[in-house]
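Participant: Pasting target-v1.cif below, which is mmCIF, C-alpha atoms.
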data_final
#
loop_
_atom_site.label_atom_id
_atom_site.label_comp_id
_atom_site.auth_asym_id
_atom_site.auth_seq_id
_atom_site.Cartn_x
_atom_site.Cartn_y
_atom_site.Cartn_z
CA MET K 1 46.09 -45.49 -67.29
CA ARG K 2 44.86 -44.81 -63.77
CA ILE K 3 44.52 -41.10 -64.47
CA SER K 4 42.33 -41.72 -67.49
CA ASN K 5 40.10 -44.10 -65.47
CA ALA K 6 39.73 -41.38 -62.84
CA LEU K 7 38.77 -38.84 -65.50
CA VAL K 8 36.20 -41.21 -66.95
CA PHE K 9 34.73 -41.73 -63.47
CA VAL K 10 34.55 -37.97 -62.93
CA LYS K 11 32.90 -37.41 -66.32
CA ARG K 12 30.39 -40.25 -66.04
CA VAL K 13 29.48 -40.23 -62.36
CA THR K 14 30.56 -37.15 -60.46
CA LEU K 15 29.64 -34.45 -62.97
CA PRO K 16 26.10 -35.77 -63.57
CA ALA K 17 25.59 -36.09 -59.80
CA ILE K 18 26.68 -32.49 -59.28
CA ALA K 19 24.41 -31.36 -62.12
CA LEU K 20 21.41 -33.13 -60.52
CA LEU K 21 22.15 -31.52 -57.15
CA MET K 22 22.37 -28.10 -58.77
CA LEU K 23 19.08 -28.61 -60.61
CA GLY K 24 17.40 -29.64 -57.37
CA ALA K 25 18.71 -26.54 -55.65
CA CYS K 26 17.29 -24.41 -58.46
CA THR K 27 13.76 -25.75 -58.05
CA PRO K 28 11.64 -22.66 -57.50
CA SER K 29 10.02 -22.08 -54.14
CA MET K 30 6.63 -20.51 -53.66
CA ARG K 31 5.60 -18.53 -50.62
CA LEU K 32 2.25 -19.61 -49.24
CA ALA K 33 -0.11 -16.90 -48.05
CA THR K 34 -1.91 -16.64 -44.75
CA VAL K 35 -5.48 -15.46 -44.48
CA GLY K 36 -7.28 -14.58 -41.28
CA ALA K 37 -9.88 -17.11 -40.23
CA SER K 38 -12.69 -17.00 -37.74
CA GLU K 39 -13.16 -20.12 -35.66
CA PRO K 40 -12.47 -22.82 -38.29
CA ALA K 41 -14.42 -26.05 -38.52
CA LEU K 42 -11.56 -28.54 -38.34
CA ALA K 43 -12.75 -31.93 -39.56
CA GLY K 44 -10.48 -34.97 -39.57
CA SER K 45 -7.26 -35.56 -37.68
CA TYR K 46 -4.29 -33.21 -37.50
CA ARG K 47 -0.57 -33.07 -36.84
CA LEU K 48 0.25 -30.26 -34.47
CA PHE K 49 3.61 -28.50 -34.55
CA LEU K 50 4.40 -26.43 -31.46
CA TYR K 51 7.32 -24.02 -31.66
CA GLY K 52 8.86 -21.94 -28.90
CA CYS K 53 7.86 -21.57 -25.26
CA SER K 54 11.41 -22.52 -24.29
CA TYR K 55 11.35 -19.97 -21.48
CA ARG K 56 8.68 -17.96 -19.69
CA ASP K 57 8.90 -14.62 -21.53
CA GLU K 58 9.63 -15.95 -25.01
CA VAL K 59 7.71 -14.09 -27.73
CA GLN K 60 8.67 -16.21 -30.75
CA ASN K 61 5.98 -18.89 -30.31
CA LEU K 62 3.74 -20.50 -32.92
CA ALA K 63 1.48 -23.49 -33.49
CA VAL K 64 0.77 -25.03 -36.91
CA LEU K 65 -2.03 -27.53 -37.57
CA VAL K 66 -1.60 -29.75 -40.64
CA PRO K 67 -4.21 -32.28 -41.79
CA GLU K 68 -2.90 -35.83 -41.35
CA ASP K 69 -3.88 -36.66 -44.93
CA SER K 70 -2.01 -33.67 -46.39
CA ALA K 71 0.18 -34.34 -49.42
CA LEU K 72 2.55 -31.66 -48.12
CA ALA K 73 5.31 -32.45 -45.64
CA PHE K 74 5.66 -29.58 -43.16
CA SER K 75 8.79 -28.80 -41.17
CA ILE K 76 9.83 -25.88 -39.03
CA PHE K 77 13.24 -24.37 -39.69
CA ALA K 78 14.58 -24.70 -36.16
CA LEU K 79 16.55 -27.00 -33.93
CA PRO K 80 14.68 -30.25 -33.27
CA THR K 81 14.67 -29.45 -29.55
CA GLU K 82 12.64 -26.28 -30.23
CA VAL K 83 9.77 -28.08 -31.97
CA LYS K 84 7.25 -30.47 -30.48
CA GLU K 85 5.07 -32.53 -32.79
CA ARG K 86 1.84 -34.28 -31.91
CA THR K 87 -0.07 -36.53 -34.30
CA GLY K 88 -3.54 -38.03 -34.49
CA LEU K 89 -5.37 -35.15 -32.82
CA THR K 90 -8.88 -34.12 -33.74
CA GLY K 91 -9.13 -30.59 -35.08
CA THR K 92 -10.81 -29.34 -31.91
CA ALA K 93 -8.21 -31.00 -29.67
CA ALA K 94 -5.32 -29.67 -31.77
CA LEU K 95 -6.69 -26.13 -31.67
CA ALA K 96 -7.27 -26.30 -27.91
CA GLU K 97 -3.76 -27.68 -27.30
CA ALA K 98 -2.24 -24.97 -29.51
CA ARG K 99 -3.97 -22.24 -27.53
CA THR K 100 -2.96 -23.78 -24.21
CA PHE K 101 0.65 -24.08 -25.40
CA LEU K 102 0.81 -20.40 -26.36
CA GLN K 103 -0.19 -19.39 -22.82
CA CYS K 104 3.42 -20.01 -21.74
CA ASN K 105 4.00 -16.27 -22.01
CA PRO K 106 2.11 -14.37 -19.27
CA LEU K 107 1.73 -11.35 -21.60
CA LEU K 108 -0.48 -13.32 -24.00
CA ARG K 109 -3.81 -11.55 -24.49
CA ASP K 110 -5.40 -13.65 -27.22
CA THR K 111 -4.63 -15.98 -30.12
CA ALA K 112 -5.32 -15.52 -33.82
CA VAL K 113 -6.09 -18.39 -36.17
CA GLY K 114 -5.06 -18.07 -39.80
CA ARG K 115 -5.47 -20.28 -42.83
CA ILE K 116 -2.32 -21.15 -44.79
CA VAL K 117 -3.32 -21.22 -48.44
CA ASP K 118 -1.63 -22.23 -51.68
CA ALA K 119 -1.63 -20.30 -54.97
CA LYS K 120 -5.14 -21.59 -55.78
CA GLY K 121 -6.51 -20.37 -52.46
CA THR K 122 -6.90 -23.88 -51.06
CA THR K 123 -6.35 -24.21 -47.32
CA VAL K 124 -3.36 -26.50 -46.71
CA ALA K 125 -2.94 -25.90 -42.96
CA TYR K 126 -3.74 -23.53 -40.10
CA GLU K 127 -1.57 -21.38 -37.88
CA VAL K 128 -2.28 -20.20 -34.36
CA ARG K 129 -0.36 -17.05 -33.50
CA PRO K 130 -0.04 -15.34 -30.12
CA GLN K 131 -1.44 -11.86 -29.62
CA TYR K 132 0.42 -9.97 -26.89
CA ASP K 133 0.06 -6.91 -24.69
CA VAL K 134 1.11 -4.03 -26.97
CA ILE K 135 2.49 -1.88 -24.14
CA GLU K 136 4.78 -4.60 -22.78
CA ILE K 137 5.90 -6.30 -26.00
CA GLY K 138 5.78 -3.39 -28.44
CA SER K 139 3.45 -5.10 -30.93
CA ARG K 140 0.24 -7.06 -30.69
CA ASP K 141 1.38 -9.48 -33.39
CA PRO K 142 5.20 -9.70 -33.28
CA VAL K 143 5.57 -13.21 -34.73
CA TRP K 144 6.13 -13.21 -38.50
CA PRO K 145 6.01 -16.75 -39.91
CA ALA K 146 6.77 -17.38 -43.58
CA TYR K 147 5.68 -20.58 -45.32
CA TRP K 148 7.76 -21.63 -48.32
CA GLN K 149 6.76 -24.57 -50.51
CA ARG K 150 9.20 -26.44 -52.72
CA ASN K 151 7.64 -29.43 -54.46
CA ASN K 152 5.66 -31.27 -51.74
CA ALA K 153 7.60 -29.84 -48.80
CA VAL K 154 6.70 -26.73 -46.83
CA THR K 155 9.29 -25.12 -44.58
CA VAL K 156 8.13 -22.72 -41.89
CA TYR K 157 10.49 -19.86 -41.06
CA ILE K 158 9.60 -17.99 -37.89
CA ASN K 159 10.81 -14.44 -37.36
CA VAL K 160 10.04 -11.68 -34.90
CA ASP K 161 9.24 -8.05 -35.65
CA PRO K 162 12.71 -6.41 -35.62
CA LEU K 163 11.55 -3.57 -33.34
CA VAL K 164 10.25 -6.07 -30.79
CA GLU K 165 13.48 -8.03 -31.03
CA ARG K 166 15.52 -4.88 -30.37
CA LYS K 167 13.35 -4.05 -27.38
CA GLN K 168 13.83 -7.56 -25.98
CA GLN K 169 17.60 -7.19 -26.37
CA GLY K 170 17.54 -3.98 -24.34
CA PHE K 171 17.75 -1.45 -27.17
CA ASP K 172 15.25 1.37 -27.42
CA ASP K 173 14.73 3.18 -30.72
CA ARG K 174 13.21 6.20 -29.03
CA ASP K 175 15.17 9.25 -28.00
CA SER K 176 14.35 11.32 -24.91
CA THR K 177 11.43 13.02 -26.70
CA GLY K 178 9.71 9.69 -27.39
CA SER K 179 10.05 9.91 -31.16
CA HIS K 180 11.62 7.21 -33.32
CA GLU K 181 15.14 7.64 -34.63
CA GLY K 182 15.25 9.01 -38.13
CA ASN K 183 11.80 10.64 -37.99
#
Could I get this file's structure written as structure tokens?

Facilitator:
Amino acid sequence: MRISNALVFVKRVTLPAIALLMLGACTPSMRLATVGASEPALAGSYRLFLYGCSYRDEVQNLAVLVPEDSALAFSIFALPTEVKERTGLTGTAALAEARTFLQCNPLLRDTAVGRIVDAKGTTVAYEVRPQYDVIEIGSRDPVWPAYWQRNNAVTVYINVDPLVERKQQGFDDRDSTGSHEGN
């Protein structure tokens, strides 16, 4: 009798719960695009996500500005200790703080502001990316963020140009003639 009760429990509770979890995992994600922006007019208040700057020469740094009234919940795919979040900032203050934050790397030459847009072309947030010394880092724009939306949640994945990453780890893809391997 106990075995049949256990089977009934599995059929009525556990299997539907597993099915719901699997359906949720199959919800399609959509990659949000980024579009270059000149100096944006940032009205309203913003949440500011600051990623990186854990050590002096770190290259993988990024700032994301999200309107406080956004229907989308942003998160950065990283350890909580790697992300700082500030809320209630004016657009001007958030942009200024983002640029100041990115100055943690002495090889910073400039910053680039980009709009993060959905499929309709509507701006949902802004990113501030570091622009580095090409000679020292190996790329002016080595940070490659990807914004993935699933339902009302956006997850930010931050990667680095693989050639820059190899250079930072002490590998050099150039032979003695200065040409790239495989060319």

Participant: Please expand the PyMOL selection byres ((chain K and resi 151-159) around 12) into the concrete residues it hits in this file, giving the result as a PDB file with C-alpha atoms, in the coordinates of the input.

Facilitator:
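Generated file (expr.pdb):
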ATOM      1  CA  GLY K  24      17.400 -29.640 -57.370  1.00  0.00           C
ATOM      2  CA  ALA K  25      18.710 -26.540 -55.650  1.00  0.00           C
ATOM      3  CA  CYS K  26      17.290 -24.410 -58.460  1.00  0.00           C
ATOM      4  CA  THR K  27      13.760 -25.750 -58.050  1.00  0.00           C
ATOM      5  CA  PRO K  28      11.640 -22.660 -57.500  1.00  0.00           C
ATOM      6  CA  SER K  29      10.020 -22.080 -54.140  1.00  0.00           C
ATOM      7  CA  MET K  30       6.630 -20.510 -53.660  1.00  0.00           C
ATOM      8  CA  ARG K  31       5.600 -18.530 -50.620  1.00  0.00           C
ATOM      9  CA  LEU K  32       2.250 -19.610 -49.240  1.00  0.00           C
ATOM     10  CA  ALA K  33      -0.110 -16.900 -48.050  1.00  0.00           C
ATOM     11  CA  PHE K  49       3.610 -28.500 -34.550  1.00  0.00           C
ATOM     12  CA  LEU K  50       4.400 -26.430 -31.460  1.00  0.00           C
ATOM     13  CA  TYR K  51       7.320 -24.020 -31.660  1.00  0.00           C
ATOM     14  CA  GLY K  52       8.860 -21.940 -28.900  1.00  0.00           C
ATOM     15  CA  VAL K  59       7.710 -14.090 -27.730  1.00  0.00           C
ATOM     16  CA  GLN K  60       8.670 -16.210 -30.750  1.00  0.00           C
ATOM     17  CA  ASN K  61       5.980 -18.890 -30.310  1.00  0.00           C
ATOM     18  CA  LEU K  62       3.740 -20.500 -32.920  1.00  0.00           C
ATOM     19  CA  ALA K  63       1.480 -23.490 -33.490  1.00  0.00           C
ATOM     20  CA  VAL K  64       0.770 -25.030 -36.910  1.00  0.00           C
ATOM     21  CA  VAL K  66      -1.600 -29.750 -40.640  1.00  0.00           C
ATOM     22  CA  SER K  70      -2.010 -33.670 -46.390  1.00  0.00           C
ATOM     23  CA  ALA K  71       0.180 -34.340 -49.420  1.00  0.00           C
ATOM     24  CA  LEU K  72       2.550 -31.660 -48.120  1.00  0.00           C
ATOM     25  CA  ALA K  73       5.310 -32.450 -45.640  1.00  0.00           C
ATOM     26  CA  PHE K  74       5.660 -29.580 -43.160  1.00  0.00           C
ATOM     27  CA  SER K  75       8.790 -28.800 -41.170  1.00  0.00           C
ATOM     28  CA  ILE K  76       9.830 -25.880 -39.030  1.00  0.00           C
ATOM     29  CA  PHE K  77      13.240 -24.370 -39.690  1.00  0.00           C
ATOM     30  CA  ALA K  78      14.580 -24.700 -36.160  1.00  0.00           C
ATOM     31  CA  LEU K  79      16.550 -27.000 -33.930  1.00  0.00           C
ATOM     32  CA  GLU K  82      12.640 -26.280 -30.230  1.00  0.00           C
ATOM     33  CA  VAL K  83       9.770 -28.080 -31.970  1.00  0.00           C
ATOM     34  CA  ILE K 116      -2.320 -21.150 -44.790  1.00  0.00           C
ATOM     35  CA  VAL K 117      -3.320 -21.220 -48.440  1.00  0.00           C
ATOM     36  CA  ASP K 118      -1.630 -22.230 -51.680  1.00  0.00           C
ATOM     37  CA  VAL K 124      -3.360 -26.500 -46.710  1.00  0.00           C
ATOM     38  CA  ALA K 125      -2.940 -25.900 -42.960  1.00  0.00           C
ATOM     39  CA  GLU K 127      -1.570 -21.380 -37.880  1.00  0.00           C
ATOM     40  CA  ARG K 129      -0.360 -17.050 -33.500  1.00  0.00           C
ATOM     41  CA  ASP K 141       1.380  -9.480 -33.390  1.00  0.00           C
ATOM     42  CA  PRO K 142       5.200  -9.700 -33.280  1.00  0.00           C
ATOM     43  CA  VAL K 143       5.570 -13.210 -34.730  1.00  0.00           C
ATOM     44  CA  TRP K 144       6.130 -13.210 -38.500  1.00  0.00           C
ATOM     45  CA  PRO K 145       6.010 -16.750 -39.910  1.00  0.00           C
ATOM     46  CA  ALA K 146       6.770 -17.380 -43.580  1.00  0.00           C
ATOM     47  CA  TYR K 147       5.680 -20.580 -45.320  1.00  0.00           C
ATOM     48  CA  TRP K 148       7.760 -21.630 -48.320  1.00  0.00           C
ATOM     49  CA  GLN K 149       6.760 -24.570 -50.510  1.00  0.00           C
ATOM     50  CA  ARG K 150       9.200 -26.440 -52.720  1.00  0.00           C
ATOM     51  CA  VAL K 160      10.040 -11.680 -34.900  1.00  0.00           C
ATOM     52  CA  ASP K 161       9.240  -8.050 -35.650  1.00  0.00           C
ATOM     53  CA  PRO K 162      12.710  -6.410 -35.620  1.00  0.00           C
ATOM     54  CA  LEU K 163      11.550  -3.570 -33.340  1.00  0.00           C
ATOM     55  CA  VAL K 164      10.250  -6.070 -30.790  1.00  0.00           C
ATOM     56  CA  GLU K 165      13.480  -8.030 -31.030  1.00  0.00           C
TER      57      GLU K 165
END

Participant: Quote the spacing between atom CA of Thr111 of chain K and atom CA of Cys53 of chain K in Å to one decimal place.

Facilitator: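 Distance reported for this atom pair: 14.5 Å.
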
Participant: Using all atoms listed in the file, find the one residue out of K:Leu42, K:Ala112, K:Leu65, K:Ala93 that sits nearest to Gln131 of chain K.

Facilitator: K:Ala112

Participant: Edge lengths and centre, in Å to one decimal, as AutoDock Vina command-line options: that's what I need for the box along x, y and z that holds all listed atoms of segment 136-146 of chain K plus 4 Å on each side.

Facilitator:
--center_x 3.5 --center_y -10.4 --center_z -33.2 --size_x 14.5 --size_y 22.0 --size_z 28.8

Participant: What do you get, as a PDB file with C-alpha atoms, in the coordinates of the input, if you spell out every residue that the PyMOL selection byres ((chain K and resi 43) around 8) selects here?

Facilitator:
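Contents of out_12.pdb, freshly written:
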ATOM      1  CA  ALA K  41     -14.420 -26.050 -38.520  1.00  0.00           C
ATOM      2  CA  LEU K  42     -11.560 -28.540 -38.340  1.00  0.00           C
ATOM      3  CA  GLY K  44     -10.480 -34.970 -39.570  1.00  0.00           C
ATOM      4  CA  SER K  45      -7.260 -35.560 -37.680  1.00  0.00           C
ATOM      5  CA  THR K  90      -8.880 -34.120 -33.740  1.00  0.00           C
ATOM      6  CA  GLY K  91      -9.130 -30.590 -35.080  1.00  0.00           C
TER       7      GLY K  91
END

Participant: Could I see segment 44-74 of chain K restored to N, CA and C atoms, set down as an mmCIF file, in the frame of the given file?

Facilitator:
data_model
loop_
_atom_site.group_PDB
_atom_site.id
_atom_site.type_symbol
_atom_site.label_atom_id
_atom_site.label_comp_id
_atom_site.auth_asym_id
_atom_site.auth_seq_id
_atom_site.Cartn_x
_atom_site.Cartn_y
_atom_site.Cartn_z
ATOM 1 N N GLY K 44 -11.585 -34.041 -39.346
ATOM 2 C CA GLY K 44 -10.480 -34.970 -39.570
ATOM 3 C C GLY K 44 -9.460 -34.895 -38.454
ATOM 4 N N SER K 45 -8.325 -35.574 -38.685
ATOM 5 C CA SER K 45 -7.260 -35.560 -37.680
ATOM 6 C C SER K 45 -6.094 -34.710 -38.168
ATOM 7 N N TYR K 46 -5.339 -34.193 -37.206
ATOM 8 C CA TYR K 46 -4.290 -33.210 -37.500
ATOM 9 C C TYR K 46 -2.974 -33.571 -36.828
ATOM 10 N N ARG K 47 -1.898 -33.114 -37.460
ATOM 11 C CA ARG K 47 -0.570 -33.070 -36.840
ATOM 12 C C ARG K 47 -0.412 -31.658 -36.308
ATOM 13 N N LEU K 48 0.085 -31.559 -35.107
ATOM 14 C CA LEU K 48 0.250 -30.260 -34.470
ATOM 15 C C LEU K 48 1.732 -30.021 -34.226
ATOM 16 N N PHE K 49 2.239 -28.926 -34.776
ATOM 17 C CA PHE K 49 3.610 -28.500 -34.550
ATOM 18 C C PHE K 49 3.578 -27.341 -33.570
ATOM 19 N N LEU K 50 4.326 -27.463 -32.485
ATOM 20 C CA LEU K 50 4.400 -26.430 -31.460
ATOM 21 C C LEU K 50 5.826 -25.915 -31.417
ATOM 22 N N TYR K 51 5.982 -24.617 -31.626
ATOM 23 C CA TYR K 51 7.320 -24.020 -31.660
ATOM 24 C C TYR K 51 7.447 -22.965 -30.578
ATOM 25 N N GLY K 52 8.567 -22.979 -29.878
ATOM 26 C CA GLY K 52 8.860 -21.940 -28.900
ATOM 27 C C GLY K 52 8.541 -22.364 -27.488
ATOM 28 N N CYS K 53 8.172 -21.370 -26.678
ATOM 29 C CA CYS K 53 7.860 -21.570 -25.260
ATOM 30 C C CYS K 53 9.016 -22.270 -24.533
ATOM 31 N N SER K 54 10.235 -21.938 -24.936
ATOM 32 C CA SER K 54 11.410 -22.520 -24.290
ATOM 33 C C SER K 54 11.677 -21.885 -22.942
ATOM 34 N N TYR K 55 11.225 -20.659 -22.758
ATOM 35 C CA TYR K 55 11.350 -19.970 -21.480
ATOM 36 C C TYR K 55 10.126 -19.078 -21.301
ATOM 37 N N ARG K 56 9.922 -18.610 -20.091
ATOM 38 C CA ARG K 56 8.680 -17.960 -19.690
ATOM 39 C C ARG K 56 8.290 -16.744 -20.544
ATOM 40 N N ASP K 57 9.230 -15.858 -20.842
ATOM 41 C CA ASP K 57 8.900 -14.620 -21.530
ATOM 42 C C ASP K 57 9.164 -14.670 -23.036
ATOM 43 N N GLU K 58 9.339 -15.845 -23.579
ATOM 44 C CA GLU K 58 9.630 -15.950 -25.010
ATOM 45 C C GLU K 58 8.438 -15.447 -25.826
ATOM 46 N N VAL K 59 8.737 -14.666 -26.860
ATOM 47 C CA VAL K 59 7.710 -14.090 -27.730
ATOM 48 C C VAL K 59 7.558 -14.912 -29.001
ATOM 49 N N GLN K 60 8.636 -15.505 -29.462
ATOM 50 C CA GLN K 60 8.670 -16.210 -30.750
ATOM 51 C C GLN K 60 8.052 -17.606 -30.596
ATOM 52 N N ASN K 61 6.728 -17.651 -30.503
ATOM 53 C CA ASN K 61 5.980 -18.890 -30.310
ATOM 54 C C ASN K 61 4.949 -19.023 -31.430
ATOM 55 N N LEU K 62 4.679 -20.265 -31.829
ATOM 56 C CA LEU K 62 3.740 -20.500 -32.920
ATOM 57 C C LEU K 62 3.247 -21.936 -32.879
ATOM 58 N N ALA K 63 2.023 -22.141 -33.331
ATOM 59 C CA ALA K 63 1.480 -23.490 -33.490
ATOM 60 C C ALA K 63 0.961 -23.618 -34.921
ATOM 61 N N VAL K 64 1.222 -24.764 -35.546
ATOM 62 C CA VAL K 64 0.770 -25.030 -36.910
ATOM 63 C C VAL K 64 0.017 -26.357 -36.912
ATOM 64 N N LEU K 65 -1.194 -26.338 -37.480
ATOM 65 C CA LEU K 65 -2.030 -27.530 -37.570
ATOM 66 C C LEU K 65 -2.076 -27.976 -39.023
ATOM 67 N N VAL K 66 -1.655 -29.209 -39.280
ATOM 68 C CA VAL K 66 -1.600 -29.750 -40.640
ATOM 69 C C VAL K 66 -2.483 -30.989 -40.696
ATOM 70 N N PRO K 67 -3.393 -31.066 -41.669
ATOM 71 C CA PRO K 67 -4.210 -32.280 -41.790
ATOM 72 C C PRO K 67 -3.327 -33.515 -41.955
ATOM 73 N N GLU K 68 -3.680 -34.586 -41.270
ATOM 74 C CA GLU K 68 -2.900 -35.830 -41.350
ATOM 75 C C GLU K 68 -2.819 -36.353 -42.777
ATOM 76 N N ASP K 69 -3.862 -36.134 -43.565
ATOM 77 C CA ASP K 69 -3.880 -36.660 -44.930
ATOM 78 C C ASP K 69 -3.297 -35.689 -45.954
ATOM 79 N N SER K 70 -2.596 -34.666 -45.491
ATOM 80 C CA SER K 70 -2.010 -33.670 -46.390
ATOM 81 C C SER K 70 -0.917 -34.301 -47.257
ATOM 82 N N ALA K 71 -0.879 -33.893 -48.515
ATOM 83 C CA ALA K 71 0.180 -34.340 -49.420
ATOM 84 C C ALA K 71 1.464 -33.562 -49.196
ATOM 85 N N LEU K 72 1.383 -32.501 -48.391
ATOM 86 C CA LEU K 72 2.550 -31.660 -48.120
ATOM 87 C C LEU K 72 3.210 -32.080 -46.813
ATOM 88 N N ALA K 73 4.532 -32.143 -46.841
ATOM 89 C CA ALA K 73 5.310 -32.450 -45.640
ATOM 90 C C ALA K 73 5.770 -31.129 -45.033
ATOM 91 N N PHE K 74 5.301 -30.825 -43.841
ATOM 92 C CA PHE K 74 5.660 -29.580 -43.160
ATOM 93 C C PHE K 74 6.846 -29.806 -42.235
#
